[in-house]
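Here the structure comes first, spelled out in structure tokens, and everything after it is commentary.
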Amino acid sequence: MPGGDPQRGQALISRMGCAGCHTIPGIAGADGNVGPPLTRIGDRIFIAGVLRNTPENMVHWVQHPQSVVPGNAMPEMGITEAQARDIASYLYTLR
């Protein structure tokens, strides 16, 4: 993932509470069942069922989930583009 750091992304995912809703490999206590499990998200064809799984789309989804699928359970978290790139970098390690 250009411009992202997966280690920072992993730390951000832990700090921002993503584990409360998602099951995420490599994140302690990430066994949430509100959102979908993020296991193998790097291999999926679509993000949120509507966006092609590309790095730019993943960054957009992480930053602005409500603009992609209005009313979905994932809140806008005020994530910066740099943070979204780091998070996406980590998510793409999940293959």
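Ligands are numbered from 1 in the order shown, residues from 1 within each chain, and chains are lettered A, B, ... in the order they appear in the structure tokens.
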Filtered DSSP result for chain A, state helix (DSSP H, G or I), as a PyMOL selection string: chain A and resi 6-15+18-20+41-43+55-63+65-68+81-91
From region 37-84 of chain A, collect each residue whose DSSP state is strand (DSSP E) and return the set as a ChimeraX atom specification. /A:46-47,51-52
Excluding region 64-67 of chain A and any residue of its chain fewer than 6 positions from it, enumerate the residues within 10 Å of it, using only C-alpha atoms, and give them as a PyMOL selection string. chain A and resi 48+58+73-79+84
Residue contacts of Ile41 (chain A) (12 Å, only C-alpha atoms) excluding same-chain residues fewer than 5 positions away, as an MDAnalysis selection string: chainID A and resid 22:25 36 46:49 52:55 58 88:95
Could you write out the selected residues, including N, CA and C atoms, as a PDB file, in the first residue's frame?
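Final output, saved to selection.pdb:
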```pdb
ATOM      1  N   HIS A  22     -15.417  -5.509  15.006  1.00  0.00           N
ATOM      2  CA  HIS A  22     -14.870  -6.448  14.021  1.00  0.00           C
ATOM      3  C   HIS A  22     -13.987  -7.508  14.669  1.00  0.00           C
ATOM      4  N   THR A  23     -13.953  -8.676  14.065  1.00  0.00           N
ATOM      5  CA  THR A  23     -12.929  -9.670  14.349  1.00  0.00           C
ATOM      6  C   THR A  23     -11.769  -9.348  13.416  1.00  0.00           C
ATOM      7  N   ILE A  24     -10.590  -9.117  13.997  1.00  0.00           N
ATOM      8  CA  ILE A  24      -9.442  -8.680  13.197  1.00  0.00           C
ATOM      9  C   ILE A  24      -8.218  -9.499  13.599  1.00  0.00           C
ATOM     10  N   PRO A  25      -7.700 -10.325  12.697  1.00  0.00           N
ATOM     11  CA  PRO A  25      -6.490 -11.082  13.013  1.00  0.00           C
ATOM     12  C   PRO A  25      -5.334 -10.151  13.393  1.00  0.00           C
ATOM     13  N   PRO A  36     -18.499  -6.896   9.906  1.00  0.00           N
ATOM     14  CA  PRO A  36     -17.991  -8.159   9.365  1.00  0.00           C
ATOM     15  C   PRO A  36     -16.574  -8.452   9.862  1.00  0.00           C
ATOM     16  N   PHE A  46     -14.591  -6.904  -3.246  1.00  0.00           N
ATOM     17  CA  PHE A  46     -15.296  -5.660  -2.944  1.00  0.00           C
ATOM     18  C   PHE A  46     -15.091  -5.251  -1.495  1.00  0.00           C
ATOM     19  N   ILE A  47     -15.193  -3.951  -1.260  1.00  0.00           N
ATOM     20  CA  ILE A  47     -15.212  -3.362   0.072  1.00  0.00           C
ATOM     21  C   ILE A  47     -16.649  -2.924   0.321  1.00  0.00           C
ATOM     22  N   ALA A  48     -17.205  -3.350   1.451  1.00  0.00           N
ATOM     23  CA  ALA A  48     -18.582  -3.001   1.820  1.00  0.00           C
ATOM     24  C   ALA A  48     -19.594  -3.431   0.762  1.00  0.00           C
ATOM     25  N   GLY A  49     -19.205  -4.373  -0.062  1.00  0.00           N
ATOM     26  CA  GLY A  49     -20.112  -4.890  -1.079  1.00  0.00           C
ATOM     27  C   GLY A  49     -20.335  -3.989  -2.271  1.00  0.00           C
ATOM     28  N   ARG A  52     -14.824  -1.579  -5.535  1.00  0.00           N
ATOM     29  CA  ARG A  52     -13.744  -2.496  -5.908  1.00  0.00           C
ATOM     30  C   ARG A  52     -12.646  -2.372  -4.855  1.00  0.00           C
ATOM     31  N   ASN A  53     -12.044  -3.470  -4.507  1.00  0.00           N
ATOM     32  CA  ASN A  53     -11.015  -3.471  -3.479  1.00  0.00           C
ATOM     33  C   ASN A  53      -9.690  -2.998  -4.072  1.00  0.00           C
ATOM     34  N   THR A  54      -9.513  -1.681  -4.041  1.00  0.00           N
ATOM     35  CA  THR A  54      -8.268  -1.046  -4.470  1.00  0.00           C
ATOM     36  C   THR A  54      -7.725  -0.235  -3.296  1.00  0.00           C
ATOM     37  N   PRO A  55      -6.432   0.064  -3.284  1.00  0.00           N
ATOM     38  CA  PRO A  55      -5.893   0.861  -2.188  1.00  0.00           C
ATOM     39  C   PRO A  55      -6.611   2.201  -1.996  1.00  0.00           C
ATOM     40  N   MET A  58     -10.002   1.625  -0.457  1.00  0.00           N
ATOM     41  CA  MET A  58      -9.903   1.231   0.946  1.00  0.00           C
ATOM     42  C   MET A  58      -9.660   2.461   1.817  1.00  0.00           C
ATOM     43  N   ALA A  88      -5.187   0.971   6.054  1.00  0.00           N
ATOM     44  CA  ALA A  88      -5.337   0.171   4.832  1.00  0.00           C
ATOM     45  C   ALA A  88      -4.115  -0.714   4.620  1.00  0.00           C
ATOM     46  N   SER A  89      -2.934  -0.189   4.901  1.00  0.00           N
ATOM     47  CA  SER A  89      -1.710  -0.990   4.760  1.00  0.00           C
ATOM     48  C   SER A  89      -1.775  -2.233   5.638  1.00  0.00           C
ATOM     49  N   TYR A  90      -2.258  -2.067   6.861  1.00  0.00           N
ATOM     50  CA  TYR A  90      -2.400  -3.236   7.733  1.00  0.00           C
ATOM     51  C   TYR A  90      -3.474  -4.178   7.194  1.00  0.00           C
ATOM     52  N   LEU A  91      -4.611  -3.635   6.795  1.00  0.00           N
ATOM     53  CA  LEU A  91      -5.692  -4.495   6.306  1.00  0.00           C
ATOM     54  C   LEU A  91      -5.251  -5.315   5.106  1.00  0.00           C
ATOM     55  N   TYR A  92      -4.394  -4.752   4.267  1.00  0.00           N
ATOM     56  CA  TYR A  92      -3.914  -5.499   3.101  1.00  0.00           C
ATOM     57  C   TYR A  92      -2.917  -6.598   3.467  1.00  0.00           C
ATOM     58  N   THR A  93      -2.448  -6.630   4.716  1.00  0.00           N
ATOM     59  CA  THR A  93      -1.623  -7.773   5.140  1.00  0.00           C
ATOM     60  C   THR A  93      -2.498  -8.972   5.485  1.00  0.00           C
ATOM     61  N   LEU A  94      -3.796  -8.746   5.628  1.00  0.00           N
ATOM     62  CA  LEU A  94      -4.724  -9.818   6.009  1.00  0.00           C
ATOM     63  C   LEU A  94      -5.182 -10.548   4.757  1.00  0.00           C
ATOM     64  N   ARG A  95      -4.406 -11.535   4.356  1.00  0.00           N
ATOM     65  CA  ARG A  95      -4.680 -12.307   3.133  1.00  0.00           C
ATOM     66  C   ARG A  95      -4.669 -13.784   3.436  1.00  0.00           C
TER      67      ARG A  95
END
```
Shortest contact to Thr39 (chain A), candidates A:Met16, A:Ala11, A:Ile27, A:Ile87, atoms counted only C-alpha atoms, goes to A:Ile27
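Going from CA of Pro2 (chain A) over to CA of Ala30 (chain A), you cover 25.7 Å.
CA of Pro37 (chain A) to CA of Gln83 (chain A) spans 20.5 Å [interatomic distance, one decimal].
For the pair CA of Asp5 (chain A) and CA of Asp86 (chain A), the separation is 4.7 Å.
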Residue with the minimum atom-to-atom distance to Val50 (chain A), picked from A:Val68, A:Leu12, A:Ala28, A:Met1 with only C-alpha atoms counted, is A:Val68
